[in-house]
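Chemist: Sharing a structure with you now.
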Number of protein chains: 2
Amino acid sequence: MKISKDDLTLISNTIKCISMDAVQKANSGHPGLPMGCSDIAAVLWTKVLRHNSADPKWANRDRFILSAGHGSMLLYSMLHLTGYAVSMEDLKNFRQFKSITPGHPEFGHTPGVETTTGPLGQGFANGVGMAIARELAAAEFNSADAAIIDHNIFAIVSDGDIMEGISTEAASLAGHLGLGSIIYIYDSNSISIEGDTDLAFSEDVAMKFSALGWHVQKINGHDFDAIERGVAAGRMERARPSLIIAETKIAKGSPNKEGSEESHGAPLGEDEVTATKKNLSMACIEKFHVNERVYEIFNGINALHREEYGQWKSVFDKAMESGLRKKWDAFFSKPDIAILREKLPVFDPSKAIATRSASGKVLESLFKELPGFIGGSADLAPSNKTFVKGFGSTGKRKIGRNIHFGIREHSMGAIQNGIAYYGGFIPFSATFLVFMDYMRPPIRIAALSRLHTIYVFTHDSFFVGEDGPTHQPVEHLAAARAIPNLVVIRPADGEETKEAWLAAVGRNDGPVMLALTRQDLPILRKAGPSGAAELHKGAYIIHEPEKSPVITILSSGSEVHISVAAAEKLQAHGISARVVSFPSWELFDKQDEEYRKIILPAGMRYAVVEAGIKMGWEKYAGGDAVYITMENFGMSAPANVLAEHLGFTTENIVSRIIAAKS
Amino acid sequence: MKISKDDLTLISNTIKCISMDAVQKANSGHPGLPMGCSDIAAVLWTKVLRHNSADPKWANRDRFILSAGHGSMLLYSMLHLTGYAVSMEDLKNFRQFKSITPGHPEFGHTPGVETTTGPLGQGFANGVGMAIARELAAAEFNSADAAIIDHNIFAIVSDGDIMEGISTEAASLAGHLGLGSIIYIYDSNSISIEGDTDLAFSEDVAMKFSALGWHVQKINGHDFDAIERGVAAGRMERARPSLIIAETKIAKGSPNKEGSEESHGAPLGEDEVTATKKNLSMACIEKFHVNERVYEIFNGINALHREEYGQWKSVFDKAMESGLRKKWDAFFSKPDIAILREKLPVFDPSKAIATRSASGKVLESLFKELPGFIGGSADLAPSNKTFVKGFGSTGKRKIGRNIHFGIREHSMGAIQNGIAYYGGFIPFSATFLVFMDYMRPPIRIAALSRLHTIYVFTHDSFFVGEDGPTHQPVEHLAAARAIPNLVVIRPADGEETKEAWLAAVGRNDGPVMLALTRQDLPILRKAGPSGAAELHKGAYIIHEPEKSPVITILSSGSEVHISVAAAEKLQAHGISARVVSFPSWELFDKQDEEYRKIILPAGMRYAVVEAGIKMGWEKYAGGDAVYITMENFGMSAPANVLAEHLGFTTENIVSRIIAAKS
């Protein structure tokens, strides 16, 4: 299909006009980026991107990420023009209640939106995750006869994305791994919210990315030919990710706001919209006008896409018939947890084991049973117990299922999100619980976007010991539980750890975080459905006294076994204490009221024993419970000394409960 | 004083031996770094660093940051040898309960420790903050006659520091500002916890830092002359920060563990310690042995330091006498809050104003009244209302009190910590509340290390509106309140905002975070001690019904005015409702029991109205209160539409309370 320069100009101007109109109608939004990048978009969506709006989840589509998510009208415009289920009415409802065109792109909310972006740098790193998934998928599914997976990962990234540290982290890893499928276009408009980027940003971006192992080009971002040539060169380069630095003018075409920060995050104003349309020779009377020629062009392109798609589909179907189906389904179907449970290790009840180590044992089986199970640590694998031999690992220009993320927690989380967005894989990541703080932004997005990601956070309390307060989580369980739709599980022993992993692998509407111990813990529960599998209820009775209980101790993780020991000793003092193992608030809150009342009967007295801050436990235990929790930072000392000092001993639980009774 | 190569070798070997011994005795710790960097330390502390152990807080000392805080025994060894109050007994108590030699260096805990490090990348960025403070201090205090401030900022940074994104952010800003006082030595030992750094890290660090505007050298980190020359060149370079890439061997000198990741984070073992000492010709019988010659050398150096210090002191004293004292005290004394209050604006009670805008007005006065008050935003100043004209600003090779941090929240927080460590300044930073997640690690360290830092987090709820859930904080107030020793204040109007600023500026034992609105709010309180100054109590009665209250509405920030309106309407329904403005849990928790019982009397029924998650409010309101809070993410729509949908309206408060009563 022949697309002339005039056609490209018309498309570009159409994007500008729709974007201006939508922002103006919403009376909020960001016109600057869509107008500055409309020339790039016109080329990408007519000459570059391979996708099929009739099958938005086509496994071999090119991925496009708008890392600078505030420019969402650019993406919505293109989804509309290329036939996705984004109508003109949807564009008119930009930023309105329950519209599919929210202020920033949201994955799962709008057909064709690949990633949730807005918080800067996230999309940049998401693409690195997608490229890792792509390489693994290609290695699994491609054969000499069939190139099932051979697409690329595109993104438009902004000055803000480049400034954020997460992007350098992700870029360093992408360069190291040699992720040639990445082609990012950097919308270098030299404008940020406070004004010219020169206020805070004068690094040599091209040199930096070269140092990180990228293929770098500089182009004029308003020259259609240069854009096309740049992208073509990026596609040719298979051994390195590509950065195309496109010099652009923000709000290009606006007579009074082109090149100004004023166009970034506010409507241009009716007069300026009119003036801009006139300037672009787009002075149509209607708002949201699309020239028929534009629809015609994209209809033609869509027809070509469907033809390509059909060709791919016949290759794919043939491969599926010739034996690929089983493997494909192993990646793309949800695992059956009951079957999986049978494949996991059973822990020797006589041997104490740290839950991080139990997790390590479980991981060996998960790697074996689930081909799409991949992940790794931010350089703490020997401590997190997350490296599983025999399944390959990443390295210089090398991809494997064990990922060495390097000391880059923030990008680890966002790369993991990218793998989850991609589909077919269950990605996990790992670090110390205290360093969860380094990666909260991507965890929040995983929760918001209902991604199936799993976090292995070990060294989950002051029991870390000598490393001291910088390495001892105190507020982190509370801060994790605060994130909506994140399931937090803190198992009490090896068997609960196994069940926690099954809960994590089996979840289908959001992320799961495991909080695991550094130190050994006794095995408290038998394996299986009538034993530790009660974990799936979030809280369950793990110790019942002989007589009817007068107090219930709620406890999680490494404090459960001392709580049970305390309950046993309290018997001798004439106090009947029940112990509830309470590994997960979120799983418990999903139980029916009947069950919740069994665990938390009215009129019961409660104690809470958890090596973290009290905050939030009042919901279950009330304000007048006995709280054996922490309210301050830890300190550097051997763990047993700290346990004494902080009161996390059987003896202290006993004496606190006796004291509270009298 | 003549120090021979043999002397340097003896010092280096002494550091190695003390470090090995201490780690071995503690049976935990990191011997690899102190042994790999002992040659560098020997040169730095004999030939480079200018300080005075008799006055550890000397304003013109060189700062030394061990960014790779796990190598703490290196720093403790040097503090001991150079005469700080770190005794041999303290070294023997390494990592023990209540020792001054914790696992990672903690500011305020050990004389001579400049920064709390351990979480990687923080120290790197702290130094950038110190260098900014140094430039501002030099500009204020130096004159043609007196170079009061002319020191440098040194750090040892590790592979992990370089990999973390925060360091690139900070390095980019340091290069932009041309911070020539920075001289960082990169301990490039090519080993991380998972093994060779080649697993995940193959970027060209020298090229990257050149791109960021740094002066870069590569040296052999075990060649004393090369180290000395490298540092000298770094000191000569005044227009750019310096990175000296020192190639080293981790655990240098250990026959079996040199160059191996095994030496990073675990004792070498008694046999290997003995073998290493033999290998170093340091086979003394005693553990923790220091040759008398080593003490002799450092006594000599200390004498020289005190001479230099004396010379500086006489210049300083003369300058103080000649008029510097007033200015110096203005920087180094705590402000008098009562006096300061009189200088701040009074808000027109008839004019609604967003608390971010009220904050902006207050900032204009604070910049004027407090010469050490500095800060800025991560490129959101126009939204955060934090730029104050007339006080200079940062730019290319330019320093001013308004700091343009760029889109780099994480390093902003750590740079701010660096300014606070430096002394003489009260630094603030700003971004949207939702992006607090990008900077939690430095906020946690500020709380742990009791730094006087202030956070201006605006757009503090779903009232952000159209930008949608990626930009709407929900869990952030709870997650902030979870951090021990962070005071969180969410003022309800302009006058409370002013008082919140006074509380922030006046605090002396930790950080304060302000949560401020995007949207306008009516002025509810009169100015002054009998009015909005009640904010300092954390919670106070803002509306009292005619008859004795049957319910108390606890509310904060933008929800207080609708709570008051609801209470007024409830009167007509025969329900007497009191309203408590509850801007700060932490300030309230510090009040005496009597006051707390006035606000939260037993037997009262409660409602909570806050545009965030409920978590933790149960502590004050109990489990059966009426909760008008959120349990899920927000969405993109105009704020007033969301307020209706989510129930944050006067009408909904009224109907929920009526419904709860019946």
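Just remember, in the structure tokens the first chain shown is A, the second B, etc., residues are 1-based per chain, and ligands are 1-based in the order shown.
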Please identify which residues in segment 168-342 of chain A DSSP calls alpha helix (DSSP H) from the backbone, and express them as a PyMOL selection string.
Modeler: chain A and resi 168-177+205-211+224-236+270-279+292-319+325-332+337-342
Chemist: Please return, as a VMD selection string, all residues of chain B lying within 6 Å of chain A when only C-alpha atoms are considered.
Modeler: chain B and resid 95 to 97 102 to 103 160 163 to 166 169 176 193 to 194 199 to 200 202 to 204 207 to 208 211 to 212 379 395 404 406 to 408 437 440 to 441 466 to 468 475 479 482 to 484 615 to 616 618 to 619 623 632 636 to 637
Chemist: Apply DSSP to the structure's backbone, then extract all residues of segment 445-594 of chain A labelled strand (DSSP E or B) and return them as a list in words.
Modeler: Ile454, Tyr455, Val456, Phe457, Thr458, Val487, Val488, Ile489, Val512, Met513, Leu514, Ala515, Asp520, Leu521, Tyr540, Ile541, Ile542, His543, Ile551, Thr552, Ile553, Leu554, Ser555, Ala577, Arg578, Val579, Val580 and Ser581 of chain A
Chemist: For the residues in that selection, give me N, CA, C and O atoms as an mmCIF file, in the first residue's frame.
Modeler:
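Below is the file again.cif, written as the result:
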data_model
loop_
_atom_site.group_PDB
_atom_site.id
_atom_site.type_symbol
_atom_site.label_atom_id
_atom_site.label_comp_id
_atom_site.auth_asym_id
_atom_site.auth_seq_id
_atom_site.Cartn_x
_atom_site.Cartn_y
_atom_site.Cartn_z
ATOM 1 N N ILE A 454 5.283 -12.653 41.443
ATOM 2 C CA ILE A 454 5.523 -13.208 42.782
ATOM 3 C C ILE A 454 6.823 -12.628 43.341
ATOM 4 O O ILE A 454 7.831 -12.559 42.634
ATOM 5 N N TYR A 455 6.773 -12.212 44.609
ATOM 6 C CA TYR A 455 7.948 -11.627 45.257
ATOM 7 C C TYR A 455 8.425 -12.521 46.382
ATOM 8 O O TYR A 455 7.628 -12.896 47.244
ATOM 9 N N VAL A 456 9.691 -12.835 46.372
ATOM 10 C CA VAL A 456 10.302 -13.662 47.414
ATOM 11 C C VAL A 456 11.157 -12.734 48.266
ATOM 12 O O VAL A 456 12.277 -12.375 47.880
ATOM 13 N N PHE A 457 10.599 -12.314 49.397
ATOM 14 C CA PHE A 457 11.313 -11.361 50.255
ATOM 15 C C PHE A 457 11.756 -12.082 51.530
ATOM 16 O O PHE A 457 10.943 -12.386 52.402
ATOM 17 N N THR A 458 13.041 -12.355 51.610
ATOM 18 C CA THR A 458 13.577 -13.108 52.737
ATOM 19 C C THR A 458 14.179 -12.164 53.776
ATOM 20 O O THR A 458 14.228 -10.963 53.587
ATOM 21 N N VAL A 487 -1.441 -9.720 47.655
ATOM 22 C CA VAL A 487 -1.582 -10.752 48.684
ATOM 23 C C VAL A 487 -0.222 -10.961 49.349
ATOM 24 O O VAL A 487 0.767 -11.248 48.675
ATOM 25 N N VAL A 488 -0.193 -10.766 50.656
ATOM 26 C CA VAL A 488 1.037 -10.920 51.438
ATOM 27 C C VAL A 488 0.918 -12.213 52.250
ATOM 28 O O VAL A 488 -0.077 -12.408 52.949
ATOM 29 N N ILE A 489 1.895 -13.086 52.148
ATOM 30 C CA ILE A 489 1.854 -14.344 52.903
ATOM 31 C C ILE A 489 3.152 -14.513 53.682
ATOM 32 O O ILE A 489 4.242 -14.430 53.105
ATOM 33 N N VAL A 512 1.547 -11.711 44.411
ATOM 34 C CA VAL A 512 1.664 -12.343 45.730
ATOM 35 C C VAL A 512 3.081 -12.120 46.248
ATOM 36 O O VAL A 512 4.052 -12.290 45.511
ATOM 37 N N MET A 513 3.175 -11.744 47.496
ATOM 38 C CA MET A 513 4.479 -11.544 48.128
ATOM 39 C C MET A 513 4.664 -12.546 49.261
ATOM 40 O O MET A 513 3.779 -12.696 50.101
ATOM 41 N N LEU A 514 5.798 -13.204 49.274
ATOM 42 C CA LEU A 514 6.129 -14.142 50.339
ATOM 43 C C LEU A 514 7.173 -13.499 51.253
ATOM 44 O O LEU A 514 8.199 -13.028 50.781
ATOM 45 N N ALA A 515 6.899 -13.510 52.544
ATOM 46 C CA ALA A 515 7.872 -13.011 53.527
ATOM 47 C C ALA A 515 8.460 -14.232 54.224
ATOM 48 O O ALA A 515 7.737 -14.994 54.871
ATOM 49 N N ASP A 520 16.254 -20.761 60.926
ATOM 50 C CA ASP A 520 15.540 -22.031 60.914
ATOM 51 C C ASP A 520 14.295 -21.976 61.791
ATOM 52 O O ASP A 520 14.291 -21.333 62.854
ATOM 53 N N LEU A 521 13.282 -22.696 61.363
ATOM 54 C CA LEU A 521 12.036 -22.819 62.132
ATOM 55 C C LEU A 521 11.643 -24.290 62.172
ATOM 56 O O LEU A 521 11.821 -25.004 61.183
ATOM 57 N N TYR A 540 -5.802 -19.885 60.475
ATOM 58 C CA TYR A 540 -6.450 -21.119 60.920
ATOM 59 C C TYR A 540 -5.888 -21.495 62.284
ATOM 60 O O TYR A 540 -4.807 -21.046 62.685
ATOM 61 N N ILE A 541 -6.648 -22.347 62.991
ATOM 62 C CA ILE A 541 -6.240 -22.739 64.339
ATOM 63 C C ILE A 541 -5.118 -23.768 64.231
ATOM 64 O O ILE A 541 -5.304 -24.840 63.660
ATOM 65 N N ILE A 542 -3.976 -23.397 64.778
ATOM 66 C CA ILE A 542 -2.830 -24.310 64.694
ATOM 67 C C ILE A 542 -2.588 -24.994 66.041
ATOM 68 O O ILE A 542 -1.940 -26.027 66.108
ATOM 69 N N HIS A 543 -3.136 -24.407 67.108
ATOM 70 C CA HIS A 543 -3.008 -25.041 68.430
ATOM 71 C C HIS A 543 -4.291 -24.787 69.205
ATOM 72 O O HIS A 543 -4.706 -23.642 69.378
ATOM 73 N N ILE A 551 -8.159 -17.083 75.602
ATOM 74 C CA ILE A 551 -7.403 -16.096 74.806
ATOM 75 C C ILE A 551 -6.929 -16.773 73.524
ATOM 76 O O ILE A 551 -6.626 -17.977 73.521
ATOM 77 N N THR A 552 -6.898 -15.992 72.447
ATOM 78 C CA THR A 552 -6.378 -16.493 71.173
ATOM 79 C C THR A 552 -5.161 -15.669 70.797
ATOM 80 O O THR A 552 -5.230 -14.432 70.774
ATOM 81 N N ILE A 553 -4.078 -16.363 70.533
ATOM 82 C CA ILE A 553 -2.862 -15.684 70.084
ATOM 83 C C ILE A 553 -2.848 -15.704 68.554
ATOM 84 O O ILE A 553 -2.873 -16.779 67.946
ATOM 85 N N LEU A 554 -2.836 -14.525 67.948
ATOM 86 C CA LEU A 554 -2.723 -14.404 66.488
ATOM 87 C C LEU A 554 -1.249 -14.172 66.167
ATOM 88 O O LEU A 554 -0.630 -13.264 66.721
ATOM 89 N N SER A 555 -0.705 -14.982 65.279
ATOM 90 C CA SER A 555 0.728 -14.888 65.030
ATOM 91 C C SER A 555 1.024 -15.291 63.596
ATOM 92 O O SER A 555 0.231 -15.999 62.960
ATOM 93 N N ALA A 577 -5.020 -21.193 76.070
ATOM 94 C CA ALA A 577 -4.743 -20.282 74.955
ATOM 95 C C ALA A 577 -4.787 -21.038 73.634
ATOM 96 O O ALA A 577 -4.148 -22.080 73.474
ATOM 97 N N ARG A 578 -5.552 -20.481 72.711
ATOM 98 C CA ARG A 578 -5.574 -20.992 71.344
ATOM 99 C C ARG A 578 -4.530 -20.218 70.543
ATOM 100 O O ARG A 578 -4.256 -19.050 70.843
ATOM 101 N N VAL A 579 -3.947 -20.874 69.561
ATOM 102 C CA VAL A 579 -3.041 -20.147 68.666
ATOM 103 C C VAL A 579 -3.580 -20.241 67.242
ATOM 104 O O VAL A 579 -3.905 -21.330 66.759
ATOM 105 N N VAL A 580 -3.672 -19.088 66.600
ATOM 106 C CA VAL A 580 -4.054 -19.023 65.192
ATOM 107 C C VAL A 580 -2.818 -18.643 64.380
ATOM 108 O O VAL A 580 -2.184 -17.620 64.657
ATOM 109 N N SER A 581 -2.466 -19.518 63.448
ATOM 110 C CA SER A 581 -1.431 -19.141 62.488
ATOM 111 C C SER A 581 -2.110 -18.239 61.466
ATOM 112 O O SER A 581 -3.121 -18.604 60.864
#
Chemist: Any idea what's packed within 9 Å of His289 of chain B, counting only C-alpha atoms, ignoring anything in its chain fewer than 5 positions away? Could you give it as a list in words?
Modeler: Thr14, Cys17, Ile18 and Cys284 of chain B
Chemist: Export all heavy atoms of the chosen residues as a PDB file, in the first residue's frame?
Modeler:
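Once everything was written out, this is out34.pdb:
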ATOM      1  N   THR B  14      47.361  -3.995  58.747  1.00  0.00           N
ATOM      2  CA  THR B  14      46.703  -3.873  60.058  1.00  0.00           C
ATOM      3  C   THR B  14      45.187  -3.795  59.885  1.00  0.00           C
ATOM      4  O   THR B  14      44.427  -4.448  60.605  1.00  0.00           O
ATOM      5  CB  THR B  14      47.233  -2.627  60.785  1.00  0.00           C
ATOM      6  OG1 THR B  14      48.656  -2.764  60.940  1.00  0.00           O
ATOM      7  CG2 THR B  14      46.575  -2.466  62.150  1.00  0.00           C
ATOM      8  N   CYS B  17      43.909  -7.199  59.074  1.00  0.00           N
ATOM      9  CA  CYS B  17      43.923  -8.124  60.215  1.00  0.00           C
ATOM     10  C   CYS B  17      42.816  -7.777  61.223  1.00  0.00           C
ATOM     11  O   CYS B  17      42.100  -8.660  61.681  1.00  0.00           O
ATOM     12  CB  CYS B  17      45.289  -8.120  60.894  1.00  0.00           C
ATOM     13  SG  CYS B  17      46.550  -8.891  59.851  1.00  0.00           S
ATOM     14  N   ILE B  18      42.688  -6.494  61.556  1.00  0.00           N
ATOM     15  CA  ILE B  18      41.627  -6.101  62.497  1.00  0.00           C
ATOM     16  C   ILE B  18      40.265  -6.484  61.924  1.00  0.00           C
ATOM     17  O   ILE B  18      39.393  -7.007  62.631  1.00  0.00           O
ATOM     18  CB  ILE B  18      41.667  -4.579  62.767  1.00  0.00           C
ATOM     19  CG1 ILE B  18      42.947  -4.174  63.493  1.00  0.00           C
ATOM     20  CG2 ILE B  18      40.449  -4.144  63.589  1.00  0.00           C
ATOM     21  CD1 ILE B  18      43.076  -2.653  63.683  1.00  0.00           C
ATOM     22  N   CYS B 284      51.175 -12.253  63.938  1.00  0.00           N
ATOM     23  CA  CYS B 284      51.247 -11.977  65.361  1.00  0.00           C
ATOM     24  C   CYS B 284      50.337 -12.945  66.108  1.00  0.00           C
ATOM     25  O   CYS B 284      49.378 -13.457  65.563  1.00  0.00           O
ATOM     26  CB  CYS B 284      50.833 -10.550  65.635  1.00  0.00           C
ATOM     27  SG  CYS B 284      49.294 -10.151  64.822  1.00  0.00           S
TER      28      CYS B 284
END
Chemist: Give me, as a PyMOL selection string, all polymer residues having an atom no more than 12 Å from segment 565-576 of chain B, counting only C-alpha atoms and skipping those fewer than 4 positions away in the same chain.
Modeler: chain B and resi 522+524+542-555+559-561+580+604-607+609+648-662
Chemist: Residues at most 12 Å from Asn256 of chain B, counting only C-alpha atoms, excluding those fewer than 6 positions away in the same chain, as a list in words?
Modeler: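 Near neighbours after the sequence-gap exclusion: Ile250, Glu262, Ser263, Leu268, Gly269, Asp271, Glu272, Val273, Thr274, Ala275, Thr276 and Asn279 of chain B.
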Chemist: For segment 127-132 of chain B, please output as a PyMOL selection string all residues within 9 Å (counting only C-alpha atoms; exclusion window: fewer than 2 positions along the same chain).
Modeler: chain B and resi 63-65+122-125+134-137+152-155+170-171+173-174+177+179-182+184+399-400+412+414-423
Chemist: With only C-alpha atoms as the basis for distance, which of A:Phe224, A:Phe288, A:Phe107, A:Phe425 is at the shortest distance from Val43 of chain A?
Modeler: A:Phe224
Chemist: Excluding Thr355 of chain A and any residue of its chain fewer than 4 positions from it, enumerate the residues within 6 Å of it, using only C-alpha atoms, and give them as a list of chain:residue names.
Modeler: A:Ser359, A:Asp493, A:Gly494, A:Leu516, A:Thr517
